[in-house]
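my_file-v7.txt follows; it contains compact mmCIF, C-alpha atoms.
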```
# COMPACT_ATOMS: atom_id res chain seq x y z
CA MET Q 1049 116.34 21.74 145.65
CA LYS Q 1050 117.22 18.13 146.31
CA LEU Q 1051 115.24 15.21 144.90
CA TYR Q 1052 115.55 11.97 146.87
CA THR Q 1053 115.17 9.48 144.08
CA TYR Q 1054 115.76 5.94 142.92
CA TRP Q 1055 116.26 5.29 139.24
CA ARG Q 1056 113.51 2.66 139.05
CA SER Q 1057 110.98 4.27 141.39
CA GLY Q 1058 107.92 5.11 139.31
CA ALA Q 1059 106.92 7.89 141.69
CA ALA Q 1060 110.38 9.48 141.48
CA TYR Q 1061 110.27 9.13 137.68
CA ARG Q 1062 107.05 11.22 137.70
CA LEU Q 1063 108.81 14.03 139.52
CA ARG Q 1064 111.87 13.91 137.29
CA ILE Q 1065 109.62 14.36 134.25
CA ALA Q 1066 107.71 17.24 135.83
CA LEU Q 1067 110.85 19.04 137.02
CA ASN Q 1068 112.34 18.70 133.53
CA LEU Q 1069 109.14 19.96 131.87
CA LYS Q 1070 109.16 23.02 134.14
CA GLY Q 1071 112.89 23.56 133.65
CA VAL Q 1072 113.50 23.42 137.41
CA PRO Q 1073 117.06 22.34 138.27
CA TYR Q 1074 117.51 19.83 141.10
CA ASP Q 1075 120.23 17.80 142.78
CA PRO Q 1076 119.42 14.08 142.70
CA VAL Q 1077 120.13 12.21 145.97
CA PRO Q 1078 119.94 8.47 145.24
CA VAL Q 1079 118.21 6.22 147.79
CA ASN Q 1080 118.81 2.56 146.95
CA LEU Q 1081 115.50 0.79 147.55
CA LEU Q 1082 116.93 -2.65 146.79
CA LYS Q 1083 119.50 -2.17 149.57
CA GLY Q 1084 116.71 -0.94 151.88
CA GLU Q 1085 118.21 2.54 152.32
CA HIS Q 1086 114.69 4.00 152.47
CA ARG Q 1087 114.10 2.14 155.74
CA GLU Q 1088 117.30 3.36 157.41
CA ASP Q 1089 117.34 6.07 160.06
CA ALA Q 1090 119.19 8.53 157.81
CA TYR Q 1091 116.35 8.52 155.29
CA ARG Q 1092 113.59 8.25 157.91
CA ALA Q 1093 114.88 11.57 159.23
CA VAL Q 1094 114.04 13.04 155.82
CA ASN Q 1095 110.75 11.19 155.26
CA PRO Q 1096 109.30 9.38 158.30
CA ALA Q 1097 107.07 7.35 155.98
CA GLY Q 1098 110.24 5.81 154.51
CA LEU Q 1099 109.08 6.23 150.93
CA VAL Q 1100 110.79 7.67 147.86
CA PRO Q 1101 110.58 10.32 146.42
CA ALA Q 1102 110.95 13.36 148.65
CA VAL Q 1103 111.93 16.91 147.81
CA GLU Q 1104 114.07 19.03 150.11
CA LEU Q 1105 113.74 22.75 149.51
CA ASN Q 1106 116.69 25.10 149.88
CA ASP Q 1107 115.40 26.21 153.31
CA GLY Q 1108 115.45 22.58 154.50
CA GLN Q 1109 111.70 21.95 154.38
CA VAL Q 1110 110.81 18.50 153.05
CA LEU Q 1111 107.86 17.57 150.83
CA THR Q 1112 106.73 13.97 150.41
CA GLN Q 1113 104.25 12.00 148.25
CA SER Q 1114 104.82 12.45 144.52
CA LEU Q 1115 101.27 13.59 143.75
CA ALA Q 1116 101.34 16.19 146.53
CA ILE Q 1117 104.72 17.37 145.24
CA LEU Q 1118 103.30 17.64 141.69
CA ASP Q 1119 100.47 19.79 143.09
CA TRP Q 1120 103.00 22.01 144.87
CA LEU Q 1121 105.31 22.17 141.86
CA ASP Q 1122 102.54 23.28 139.52
CA ARG Q 1123 101.74 26.16 141.91
CA ALA Q 1124 105.34 27.14 142.60
CA PHE Q 1125 106.37 26.95 138.93
CA PRO Q 1126 103.20 27.54 136.90
CA GLN Q 1127 104.78 27.35 133.42
CA PRO Q 1128 104.17 25.21 131.50
CA PRO Q 1129 101.02 24.11 133.34
CA LEU Q 1130 100.43 20.41 134.06
CA PHE Q 1131 96.66 20.84 133.69
CA PRO Q 1132 94.20 22.69 131.47
CA ARG Q 1133 92.76 25.76 133.20
CA GLU Q 1134 89.05 24.89 132.79
CA PRO Q 1135 87.94 23.12 136.02
CA VAL Q 1136 86.13 20.09 134.55
CA ALA Q 1137 88.91 19.53 131.99
CA ARG Q 1138 91.42 19.72 134.84
CA ALA Q 1139 89.46 17.10 136.82
CA ARG Q 1140 89.37 14.78 133.79
CA VAL Q 1141 93.13 14.95 133.35
CA MET Q 1142 93.71 14.33 137.05
CA SER Q 1143 91.29 11.42 137.06
CA ALA Q 1144 93.06 9.68 134.17
CA GLY Q 1145 96.42 10.18 135.85
CA MET Q 1146 95.08 8.79 139.11
CA ALA Q 1147 93.67 5.69 137.38
CA ILE Q 1148 97.37 4.85 137.11
CA ALA Q 1149 99.03 6.63 140.04
CA VAL Q 1150 96.36 5.79 142.66
CA ASP Q 1151 94.50 2.72 141.41
CA THR Q 1152 97.44 0.86 139.87
CA HIS Q 1153 100.90 1.94 141.03
CA PRO Q 1154 100.35 1.36 144.79
CA LEU Q 1155 99.44 -2.26 144.03
CA GLN Q 1156 102.74 -3.02 142.41
CA ASN Q 1157 105.49 -1.17 144.19
CA VAL Q 1158 108.50 -2.88 145.74
CA SER Q 1159 107.02 -3.60 149.17
CA VAL Q 1160 103.74 -5.02 147.86
CA MET Q 1161 105.52 -7.24 145.36
CA ALA Q 1162 107.85 -8.56 148.08
CA TYR Q 1163 104.79 -9.33 150.21
CA VAL Q 1164 102.98 -11.21 147.43
CA ARG Q 1165 106.12 -13.06 146.35
CA ASP Q 1166 107.68 -13.92 149.73
CA ASP Q 1167 105.21 -13.42 152.60
CA LEU Q 1168 102.26 -14.90 150.70
CA GLY Q 1169 104.57 -17.38 148.97
CA HIS Q 1170 103.46 -16.93 145.36
CA GLY Q 1171 107.00 -16.64 144.06
CA LYS Q 1172 108.11 -15.00 140.87
CA SER Q 1173 105.34 -16.41 138.67
CA GLY Q 1174 102.67 -15.30 141.13
CA ALA Q 1175 104.20 -11.84 141.11
CA PHE Q 1176 103.95 -11.74 137.31
CA THR Q 1177 100.29 -12.76 137.38
CA TRP Q 1178 99.55 -10.12 140.04
CA GLN Q 1179 101.33 -7.41 138.05
CA HIS Q 1180 99.60 -8.23 134.79
CA HIS Q 1181 96.17 -8.35 136.44
CA TRP Q 1182 96.30 -4.90 138.05
CA MET Q 1183 98.27 -3.18 135.33
CA SER Q 1184 95.74 -4.40 132.76
CA ARG Q 1185 92.89 -2.99 134.84
CA GLY Q 1186 94.69 0.36 135.08
CA PHE Q 1187 95.54 0.53 131.39
CA ASP Q 1188 91.95 -0.42 130.45
CA ALA Q 1189 90.71 2.54 132.49
CA PHE Q 1190 93.35 4.99 131.21
CA GLU Q 1191 92.74 4.03 127.59
CA LYS Q 1192 89.05 4.97 128.04
CA LEU Q 1193 89.61 8.08 130.13
CA CYS Q 1194 92.19 9.89 127.98
CA ASP Q 1195 91.35 11.79 124.83
CA PRO Q 1196 91.29 9.46 121.82
CA ASP Q 1197 93.17 11.45 119.20
CA THR Q 1198 95.31 14.20 120.70
CA ARG Q 1199 99.10 14.20 120.47
CA PHE Q 1200 99.54 13.69 124.21
CA ALA Q 1201 96.96 12.11 126.55
CA PHE Q 1202 95.02 15.38 126.60
CA GLY Q 1203 95.86 18.06 124.08
CA GLU Q 1204 99.01 18.91 122.20
CA ALA Q 1205 101.36 19.34 125.17
CA PRO Q 1206 102.39 16.85 127.84
CA GLY Q 1207 100.75 17.08 131.27
CA TYR Q 1208 99.77 15.33 134.46
CA ALA Q 1209 98.19 12.27 132.81
CA ASP Q 1210 101.27 11.60 130.66
CA ILE Q 1211 103.51 12.07 133.72
CA CYS Q 1212 101.54 9.40 135.59
CA LEU Q 1213 101.33 7.04 132.62
CA ILE Q 1214 104.90 6.77 131.35
CA PRO Q 1215 106.55 5.37 134.51
CA GLN Q 1216 103.83 2.71 134.62
CA VAL Q 1217 104.56 1.78 130.98
CA TYR Q 1218 108.21 1.37 131.98
CA ASN Q 1219 107.05 -1.08 134.66
CA ALA Q 1220 104.88 -2.88 132.12
CA HIS Q 1221 107.97 -3.58 130.01
CA ARG Q 1222 109.92 -4.77 133.05
CA TRP Q 1223 107.11 -7.22 133.78
CA ARG Q 1224 106.82 -8.18 130.11
CA LEU Q 1225 103.22 -7.04 129.73
CA ASP Q 1226 102.41 -6.82 126.02
CA LEU Q 1227 100.84 -3.42 125.23
CA THR Q 1228 98.97 -4.60 122.12
CA PRO Q 1229 95.53 -4.35 123.84
CA TRP Q 1230 96.18 -0.62 124.47
CA PRO Q 1231 97.16 1.03 121.18
CA ARG Q 1232 96.54 4.54 122.51
CA ILE Q 1233 98.95 3.94 125.41
CA ALA Q 1234 101.57 2.46 123.08
CA ALA Q 1235 101.29 5.55 120.86
CA LEU Q 1236 101.56 7.89 123.86
CA GLU Q 1237 104.70 6.11 125.01
CA ALA Q 1238 106.40 6.77 121.65
CA VAL Q 1239 105.41 10.44 121.63
CA CYS Q 1240 106.40 11.05 125.27
CA LEU Q 1241 109.76 9.30 125.13
CA ALA Q 1242 110.71 11.40 122.10
CA HIS Q 1243 110.24 14.51 124.30
CA PRO Q 1244 113.50 15.66 125.94
CA ALA Q 1245 111.90 16.14 129.39
CA PHE Q 1246 110.74 12.52 129.43
CA ASP Q 1247 113.90 11.17 127.85
CA ALA Q 1248 116.18 12.79 130.45
CA ALA Q 1249 113.93 11.40 133.22
CA ARG Q 1250 114.10 7.78 132.04
CA PRO Q 1251 115.41 5.30 134.61
CA GLU Q 1252 118.30 4.21 132.42
CA ASN Q 1253 119.45 7.83 132.08
CA GLN Q 1254 119.84 8.39 135.85
CA PRO Q 1255 123.23 8.58 137.59
CA ASP Q 1256 122.25 5.74 139.96
CA ALA Q 1257 121.08 3.41 137.15
CA GLU Q 1258 122.49 -0.10 137.33
CA LYS Q 1259 122.89 -2.77 134.72
CA GLU Q 1260 119.84 -5.00 134.37
CA ALA Q 1261 120.12 -7.83 136.89
CA MET N 349 74.58 17.27 141.39
CA LYS N 350 74.40 13.50 141.71
CA LEU N 351 76.83 11.46 143.78
CA TYR N 352 77.18 7.83 142.71
CA THR N 353 77.93 6.24 146.05
CA TYR N 354 77.98 3.06 148.10
CA TRP N 355 77.52 3.31 151.83
CA ARG N 356 80.68 1.37 152.62
CA SER N 357 82.92 2.76 149.89
CA GLY N 358 85.73 4.64 151.62
CA ALA N 359 86.28 6.84 148.57
CA ALA N 360 82.56 7.79 148.44
CA TYR N 361 82.66 8.44 152.20
CA ARG N 362 85.43 11.01 151.57
CA LEU N 363 83.25 12.89 149.13
CA ARG N 364 80.20 12.80 151.40
CA ILE N 365 82.26 14.42 154.16
CA ALA N 366 83.65 17.09 151.84
CA LEU N 367 80.26 17.92 150.31
CA ASN N 368 78.78 18.23 153.79
CA LEU N 369 81.66 20.43 154.99
CA LYS N 370 81.13 22.73 152.02
CA GLY N 371 77.35 22.70 152.44
CA VAL N 372 76.88 21.49 148.86
CA PRO N 373 73.60 19.59 148.41
CA TYR N 374 73.66 16.41 146.31
CA ASP N 375 71.42 13.54 145.28
CA PRO N 376 72.88 10.18 146.29
CA VAL N 377 72.60 7.45 143.64
CA PRO N 378 73.46 4.11 145.30
CA VAL N 379 75.62 1.64 143.37
CA ASN N 380 75.69 -1.71 145.15
CA LEU N 381 79.27 -2.96 144.94
CA LEU N 382 78.47 -6.29 146.59
CA LYS N 383 75.93 -7.01 143.84
CA GLY N 384 78.50 -5.94 141.22
CA GLU N 385 76.41 -3.02 139.95
CA HIS N 386 79.62 -1.04 139.33
CA ARG N 387 80.62 -3.54 136.66
CA GLU N 388 77.29 -3.39 134.80
CA ASP N 389 76.81 -1.51 131.54
CA ALA N 390 74.50 1.07 133.12
CA TYR N 391 77.23 2.23 135.50
CA ARG N 392 80.06 1.80 132.97
CA ALA N 393 78.20 4.36 130.86
CA VAL N 394 78.69 6.81 133.75
CA ASN N 395 82.24 5.80 134.69
CA PRO N 396 84.06 3.57 132.20
CA ALA N 397 86.58 2.64 134.90
CA GLY N 398 83.69 0.97 136.79
CA LEU N 399 84.67 2.52 140.12
CA VAL N 400 82.67 4.36 142.76
CA PRO N 401 82.34 7.28 143.46
CA ALA N 402 81.48 9.51 140.53
CA VAL N 403 79.84 12.94 140.45
CA GLU N 404 77.40 13.95 137.73
CA LEU N 405 77.04 17.70 137.34
CA ASN N 406 73.73 19.30 136.44
CA ASP N 407 74.87 19.70 132.82
CA GLY N 408 75.52 15.94 132.60
CA GLN N 409 79.33 16.05 132.80
CA VAL N 410 80.78 13.28 134.95
CA LEU N 411 83.81 13.52 137.26
CA THR N 412 85.56 10.41 138.57
CA GLN N 413 88.29 9.55 141.11
CA SER N 414 87.56 10.84 144.60
CA LEU N 415 90.84 12.77 144.97
CA ALA N 416 90.36 14.49 141.62
CA ILE N 417 86.79 15.34 142.65
CA LEU N 418 88.05 16.76 145.97
CA ASP N 419 90.47 18.96 143.99
CA TRP N 420 87.62 20.15 141.77
CA LEU N 421 85.24 20.66 144.69
CA ASP N 422 87.72 22.82 146.59
CA ARG N 423 88.03 25.07 143.53
CA ALA N 424 84.34 25.17 142.69
CA PHE N 425 83.27 25.75 146.31
CA PRO N 426 86.23 27.40 148.06
CA GLN N 427 84.63 27.83 151.50
CA PRO N 428 85.55 26.41 153.89
CA PRO N 429 88.90 25.47 152.31
CA LEU N 430 90.19 21.89 152.56
CA PHE N 431 93.81 23.08 152.70
CA PRO N 432 95.84 25.85 154.31
CA ARG N 433 96.74 28.58 151.84
CA GLU N 434 100.52 28.54 152.36
CA PRO N 435 102.03 26.24 149.68
CA VAL N 436 104.31 24.07 151.83
CA ALA N 437 101.63 23.70 154.51
CA ARG N 438 99.19 22.68 151.75
CA ALA N 439 101.63 20.05 150.49
CA ARG N 440 102.08 18.63 154.01
CA VAL N 441 98.33 18.22 154.47
CA MET N 442 97.96 16.58 151.06
CA SER N 443 100.88 14.25 151.75
CA ALA N 444 99.39 13.01 155.02
CA GLY N 445 96.02 12.46 153.35
CA MET N 446 97.68 10.54 150.54
CA ALA N 447 99.59 8.30 152.97
CA ILE N 448 96.11 6.90 153.54
CA ALA N 449 94.22 7.54 150.29
CA VAL N 450 97.05 6.56 147.90
CA ASP N 451 99.42 4.29 149.85
CA THR N 452 96.83 2.38 151.89
CA HIS N 453 93.26 2.47 150.59
CA PRO N 454 94.00 1.06 147.08
CA LEU N 455 95.53 -2.01 148.72
CA GLN N 456 92.38 -2.92 150.57
CA ASN N 457 89.40 -2.12 148.43
CA VAL N 458 86.77 -4.69 147.46
CA SER N 459 88.45 -5.98 144.28
CA VAL N 460 91.89 -6.40 145.85
CA MET N 461 90.48 -8.19 148.87
CA ALA N 462 88.51 -10.56 146.65
CA TYR N 463 91.71 -11.28 144.72
CA VAL N 464 93.76 -12.02 147.85
CA ARG N 465 90.98 -14.07 149.43
CA ASP N 466 89.69 -16.02 146.41
CA ASP N 467 92.11 -15.84 143.45
CA LEU N 468 95.23 -16.23 145.60
CA GLY N 469 93.36 -18.56 147.96
CA HIS N 470 94.28 -17.01 151.31
CA GLY N 471 90.71 -17.04 152.57
CA LYS N 472 89.24 -14.88 155.26
CA SER N 473 92.17 -15.14 157.68
CA GLY N 474 94.67 -14.23 154.95
CA ALA N 475 92.52 -11.21 154.13
CA PHE N 476 92.65 -10.09 157.77
CA THR N 477 96.46 -10.42 157.86
CA TRP N 478 96.75 -8.45 154.61
CA GLN N 479 94.46 -5.70 155.87
CA HIS N 480 96.25 -5.33 159.20
CA HIS N 481 99.68 -5.24 157.55
CA TRP N 482 98.94 -2.42 155.11
CA MET N 483 96.64 -0.42 157.35
CA SER N 484 99.30 -0.47 160.07
CA ARG N 485 101.88 0.86 157.64
CA GLY N 486 99.52 3.65 156.58
CA PHE N 487 98.56 4.60 160.13
CA ASP N 488 102.24 4.60 161.20
CA ALA N 489 102.96 7.11 158.44
CA PHE N 490 99.90 9.28 159.10
CA GLU N 491 100.58 9.42 162.83
CA LYS N 492 104.05 10.86 162.08
CA LEU N 493 102.98 13.17 159.26
CA CYS N 494 100.07 14.96 160.92
CA ASP N 495 100.47 17.74 163.47
CA PRO N 496 100.89 16.31 166.97
CA ASP N 497 98.61 18.54 169.03
CA THR N 498 96.05 20.37 166.94
CA ARG N 499 92.31 19.73 167.26
CA PHE N 500 92.06 18.20 163.78
CA ALA N 501 94.93 16.57 161.87
CA PHE N 502 96.25 20.01 160.92
CA GLY N 503 94.87 23.05 162.69
CA GLU N 504 91.58 23.78 164.36
CA ALA N 505 89.27 22.98 161.44
CA PRO N 506 88.77 19.75 159.53
CA GLY N 507 90.40 19.39 156.12
CA TYR N 508 91.78 17.08 153.46
CA ALA N 509 93.84 14.88 155.80
CA ASP N 510 90.89 14.24 158.13
CA ILE N 511 88.68 13.49 155.11
CA CYS N 512 91.15 10.83 153.93
CA LEU N 513 91.71 9.40 157.41
CA ILE N 514 88.23 8.82 158.79
CA PRO N 515 86.93 6.38 156.14
CA GLN N 516 90.10 4.33 156.66
CA VAL N 517 89.45 4.24 160.42
CA TYR N 518 85.97 2.93 159.65
CA ASN N 519 87.62 0.12 157.68
CA ALA N 520 90.02 -0.53 160.54
CA HIS N 521 87.06 -1.21 162.82
CA ARG N 522 85.44 -3.47 160.22
CA TRP N 523 88.65 -5.48 160.09
CA ARG N 524 89.04 -5.38 163.88
CA LEU N 525 92.36 -3.56 163.86
CA ASP N 526 93.03 -2.25 167.38
CA LEU N 527 93.92 1.47 167.23
CA THR N 528 95.91 1.50 170.50
CA PRO N 529 99.27 1.91 168.69
CA TRP N 530 97.98 5.17 167.13
CA PRO N 531 96.64 7.41 169.90
CA ARG N 532 96.64 10.50 167.69
CA ILE N 533 94.45 8.75 165.11
CA ALA N 534 92.09 7.47 167.81
CA ALA N 535 91.74 11.02 169.15
CA LEU N 536 91.12 12.43 165.66
CA GLU N 537 88.39 9.87 165.10
CA ALA N 538 86.53 11.05 168.20
CA VAL N 539 86.83 14.72 167.25
CA CYS N 540 85.83 14.17 163.61
CA LEU N 541 82.83 11.93 164.26
CA ALA N 542 81.44 14.55 166.68
CA HIS N 543 81.40 17.01 163.75
CA PRO N 544 78.02 17.07 161.94
CA ALA N 545 79.58 16.95 158.45
CA PHE N 546 81.39 13.71 159.30
CA ASP N 547 78.49 12.26 161.25
CA ALA N 548 76.03 12.72 158.39
CA ALA N 549 78.53 11.09 156.01
CA ARG N 550 79.01 7.93 158.10
CA PRO N 551 78.25 4.68 156.28
CA GLU N 552 75.55 3.68 158.74
CA ASN N 553 73.73 6.98 158.17
CA GLN N 554 73.34 6.47 154.40
CA PRO N 555 70.03 5.58 152.74
CA ASP N 556 71.56 2.45 151.17
CA ALA N 557 73.08 1.18 154.45
CA GLU N 558 72.33 -2.45 155.22
CA LYS N 559 72.39 -4.39 158.44
CA GLU N 560 75.78 -5.89 159.24
CA ALA N 561 76.07 -9.27 157.53
```

As structure tokens:
Amino acid sequence: MKLYTYWRSGAAYRLRIALNLKGVPYDPVPVNLLKGEHREDAYRAVNPAGLVPAVELNDGQVLTQSLAILDWLDRAFPQPPLFPREPVARARVMSAGMAIAVDTHPLQNVSVMAYVRDDLGHGKSGAFTWQHHWMSRGFDAFEKLCDPDTRFAFGEAPGYADICLIPQVYNAHRWRLDLTPWPRIAALEAVCLAHPAFDAARPENQPDAEKEA
Amino acid sequence: MKLYTYWRSGAAYRLRIALNLKGVPYDPVPVNLLKGEHREDAYRAVNPAGLVPAVELNDGQVLTQSLAILDWLDRAFPQPPLFPREPVARARVMSAGMAIAVDTHPLQNVSVMAYVRDDLGHGKSGAFTWQHHWMSRGFDAFEKLCDPDTRFAFGEAPGYADICLIPQVYNAHRWRLDLTPWPRIAALEAVCLAHPAFDAARPENQPDAEKEA
């Protein structure tokens, strides 16, 4: 399968982690968001919503939306599972992941930041304030929703909540948000990034990675 | 089960529709977002993230995040299903729903609007511009992602994509966004609101509904 990806896209980073965890090989197809390639006709033909990531299956069918693709992936490749089997435990893991992937990430992606910075005229410092405000809210929630003393966010193996968290922590560093108020998240970052599936998925380890501007 | 709800919460509206579709009875517990009841200790004890909706099961366990609760609900009460059974078709339905519930709704909930209006100082007219910008992007995507000529968004029965769409259309009306550019969405609204499960879930039909301010 092909993964339409951008090294710094948090949503693409989620899928890279999950594909690595499942041991599913994929061909990365870089889409340069900074150059606006996601808005060009060639990519709109793949995903009419113009958003990264997308997955193209070998039969040409295209899947979009990272969380919908995670749902599909966990059904198509059940091992190792991204969720515990017990229904309420599964819902708790999904809820913690979504406190980041739904409540936080959509507020700070490229298009929203450009709108706050340029269209609303708050500039770079306004963008920093915006980022810190919403990321802090998301991390506050995650820190309370995850298990307090397991190796990963829930249990002894990585799963959906860790997959949603780690790309957001990468963004936190980019925006120089100090993680001291969230010791559990800081500890999870260290454990996850030591895992080969997460390490191989890191933005700086992608073929389309660029030097820091 | 108890549903912690607010009549105008789009995420609570989703769950009301789904519970009605499944024929699952529930006790509504109103949480007045305008009065800030979601930020008070009593509600934080239910959901530490301080967000509506939440579901409290009869054994006292609490589920949060509307999309995680929809996932749980569709497993706990499989009939009628919210998704087609075929995996790629399922992913397409989820992706369309998430173009609204993940890419659009989080950008225009109560806390974000207060931040744009008050903290960033763009006032009421800035809030309208913000709302129209992001809702238009979401509706553009949904209109392309759903099936073009089925009765509901996908197929002849309502499902996940319709459940995500209709509360956003309610918000569009509140913010006076003209739906003319999205004829498919306007048609889906008419079909869905004629369905008893959607009608009973409408904000104005809730016990905590207030007169328009």

Review point. Separation of atom CA of Ala1059 of chain Q and atom CA of Asp488 of chain N, in Å?
Key: 20.3 Å

For the contact check between chain N and chain Q, emit one row per residue of chain N within 9 Å, containing the shortest atom pair and the distance in Å rounded to one decimal, counting only C-alpha atoms, chain then rising number order, as JSON lines.
```
{"residue": "N:Asn395", "atom": "CA", "partner": "Q:Leu1193", "partner_atom": "CA", "distance": 9.0}
{"residue": "N:Pro396", "atom": "CA", "partner": "Q:Lys1192", "partner_atom": "CA", "distance": 6.6}
{"residue": "N:Ala397", "atom": "CA", "partner": "Q:Ala1189", "partner_atom": "CA", "distance": 4.8}
{"residue": "N:Gly398", "atom": "CA", "partner": "Q:Ala1189", "partner_atom": "CA", "distance": 8.4}
{"residue": "N:Gln409", "atom": "CA", "partner": "Q:Val1136", "partner_atom": "CA", "distance": 8.1}
{"residue": "N:Val410", "atom": "CA", "partner": "Q:Val1136", "partner_atom": "CA", "distance": 8.7}
{"residue": "N:Leu411", "atom": "CA", "partner": "Q:Arg1140", "partner_atom": "CA", "distance": 6.7}
{"residue": "N:Thr412", "atom": "CA", "partner": "Q:Ser1143", "partner_atom": "CA", "distance": 6.0}
{"residue": "N:Gln413", "atom": "CA", "partner": "Q:Ser1143", "partner_atom": "CA", "distance": 5.4}
{"residue": "N:Ser414", "atom": "CA", "partner": "Q:Ser1143", "partner_atom": "CA", "distance": 8.4}
{"residue": "N:Leu415", "atom": "CA", "partner": "Q:Ser1143", "partner_atom": "CA", "distance": 8.0}
{"residue": "N:Ala416", "atom": "CA", "partner": "Q:Ala1139", "partner_atom": "CA", "distance": 5.5}
{"residue": "N:Ile417", "atom": "CA", "partner": "Q:Ala1139", "partner_atom": "CA", "distance": 6.6}
{"residue": "N:Asp419", "atom": "CA", "partner": "Q:Ala1139", "partner_atom": "CA", "distance": 7.5}
{"residue": "N:Trp420", "atom": "CA", "partner": "Q:Ala1139", "partner_atom": "CA", "distance": 6.1}
{"residue": "N:Arg423", "atom": "CA", "partner": "Q:Pro1135", "partner_atom": "CA", "distance": 7.8}
{"residue": "N:Ala424", "atom": "CA", "partner": "Q:Pro1135", "partner_atom": "CA", "distance": 7.9}
{"residue": "N:Pro435", "atom": "CA", "partner": "Q:Trp1120", "partner_atom": "CA", "distance": 6.5}
{"residue": "N:Val436", "atom": "CA", "partner": "Q:Trp1120", "partner_atom": "CA", "distance": 7.4}
{"residue": "N:Arg438", "atom": "CA", "partner": "Q:Trp1120", "partner_atom": "CA", "distance": 7.9}
{"residue": "N:Ala439", "atom": "CA", "partner": "Q:Ala1116", "partner_atom": "CA", "distance": 5.5}
{"residue": "N:Arg440", "atom": "CA", "partner": "Q:Leu1111", "partner_atom": "CA", "distance": 6.7}
{"residue": "N:Val441", "atom": "CA", "partner": "Q:Ala1116", "partner_atom": "CA", "distance": 8.7}
{"residue": "N:Met442", "atom": "CA", "partner": "Q:Ala1116", "partner_atom": "CA", "distance": 5.7}
{"residue": "N:Ser443", "atom": "CA", "partner": "Q:Gln1113", "partner_atom": "CA", "distance": 5.4}
{"residue": "N:Ala444", "atom": "CA", "partner": "Q:Gln1113", "partner_atom": "CA", "distance": 8.4}
{"residue": "N:Met446", "atom": "CA", "partner": "Q:Gln1113", "partner_atom": "CA", "distance": 7.1}
{"residue": "N:Ala447", "atom": "CA", "partner": "Q:Gln1113", "partner_atom": "CA", "distance": 7.6}
{"residue": "N:Ala449", "atom": "CA", "partner": "Q:Val1150", "partner_atom": "CA", "distance": 8.1}
{"residue": "N:Val450", "atom": "CA", "partner": "Q:Val1150", "partner_atom": "CA", "distance": 5.3}
{"residue": "N:Asp451", "atom": "CA", "partner": "Q:Pro1154", "partner_atom": "CA", "distance": 5.9}
{"residue": "N:Thr452", "atom": "CA", "partner": "Q:Pro1154", "partner_atom": "CA", "distance": 8.0}
{"residue": "N:Pro454", "atom": "CA", "partner": "Q:Asp1151", "partner_atom": "CA", "distance": 5.9}
{"residue": "N:Leu455", "atom": "CA", "partner": "Q:Leu1155", "partner_atom": "CA", "distance": 6.1}
{"residue": "N:Val460", "atom": "CA", "partner": "Q:Leu1155", "partner_atom": "CA", "distance": 8.8}
{"residue": "N:Leu468", "atom": "CA", "partner": "Q:His1170", "partner_atom": "CA", "distance": 8.3}
{"residue": "N:His470", "atom": "CA", "partner": "Q:Leu1168", "partner_atom": "CA", "distance": 8.3}
{"residue": "N:Gly474", "atom": "CA", "partner": "Q:Leu1168", "partner_atom": "CA", "distance": 8.7}
{"residue": "N:Arg485", "atom": "CA", "partner": "Q:Ala1097", "partner_atom": "CA", "distance": 8.5}
{"residue": "N:Gly486", "atom": "CA", "partner": "Q:Ala1097", "partner_atom": "CA", "distance": 8.4}
{"residue": "N:Asp488", "atom": "CA", "partner": "Q:Ala1097", "partner_atom": "CA", "distance": 7.6}
{"residue": "N:Ala489", "atom": "CA", "partner": "Q:Ala1097", "partner_atom": "CA", "distance": 4.8}
{"residue": "N:Phe490", "atom": "CA", "partner": "Q:Ala1097", "partner_atom": "CA", "distance": 8.1}
{"residue": "N:Lys492", "atom": "CA", "partner": "Q:Pro1096", "partner_atom": "CA", "distance": 6.6}
{"residue": "N:Leu493", "atom": "CA", "partner": "Q:Pro1096", "partner_atom": "CA", "distance": 7.4}
```

When you look at segment 1200-1203 of chain Q with a cut-off of 8 Å (counting all atoms listed in the file), what residues show up, excluding the ones that are within fewer than 5 positions of it in the same chain? I need them as a short mmCIF file (atom, residue, chain, number, x, y, z; two decimals) with C-alpha atoms, keeping the file's coordinate frame.
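File written: out_13.cif
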```cif
data_model
loop_
_atom_site.label_atom_id
_atom_site.label_comp_id
_atom_site.auth_asym_id
_atom_site.auth_seq_id
_atom_site.Cartn_x
_atom_site.Cartn_y
_atom_site.Cartn_z
CA VAL Q 1141 93.13 14.95 133.35
CA CYS Q 1194 92.19 9.89 127.98
CA ASP Q 1195 91.35 11.79 124.83
CA ALA Q 1209 98.19 12.27 132.81
CA ASP Q 1210 101.27 11.60 130.66
CA LEU Q 1236 101.56 7.89 123.86
CA VAL Q 1239 105.41 10.44 121.63
CA CYS Q 1240 106.40 11.05 125.27
#
```

Practice item. Mind giving me the straight-line distance from atom CA of Tyr352 of chain N to atom CA of Tyr391 of chain N in Å, one decimal? Key: 9.1 Å

Point to revise | For Leu1051 of chain Q: contacts at 8 Å, all atoms listed in the file, fewer than 3 positions along chain excluded, given as a PyMOL selection string | key: chain Q and resi 1074-1077+1101-1104

Review point. Quick one: distance from atom CA of Arg1087 of chain Q to atom CA of Thr477 of chain N in Å, one decimal?
Key: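 It comes out at 21.8 Å.
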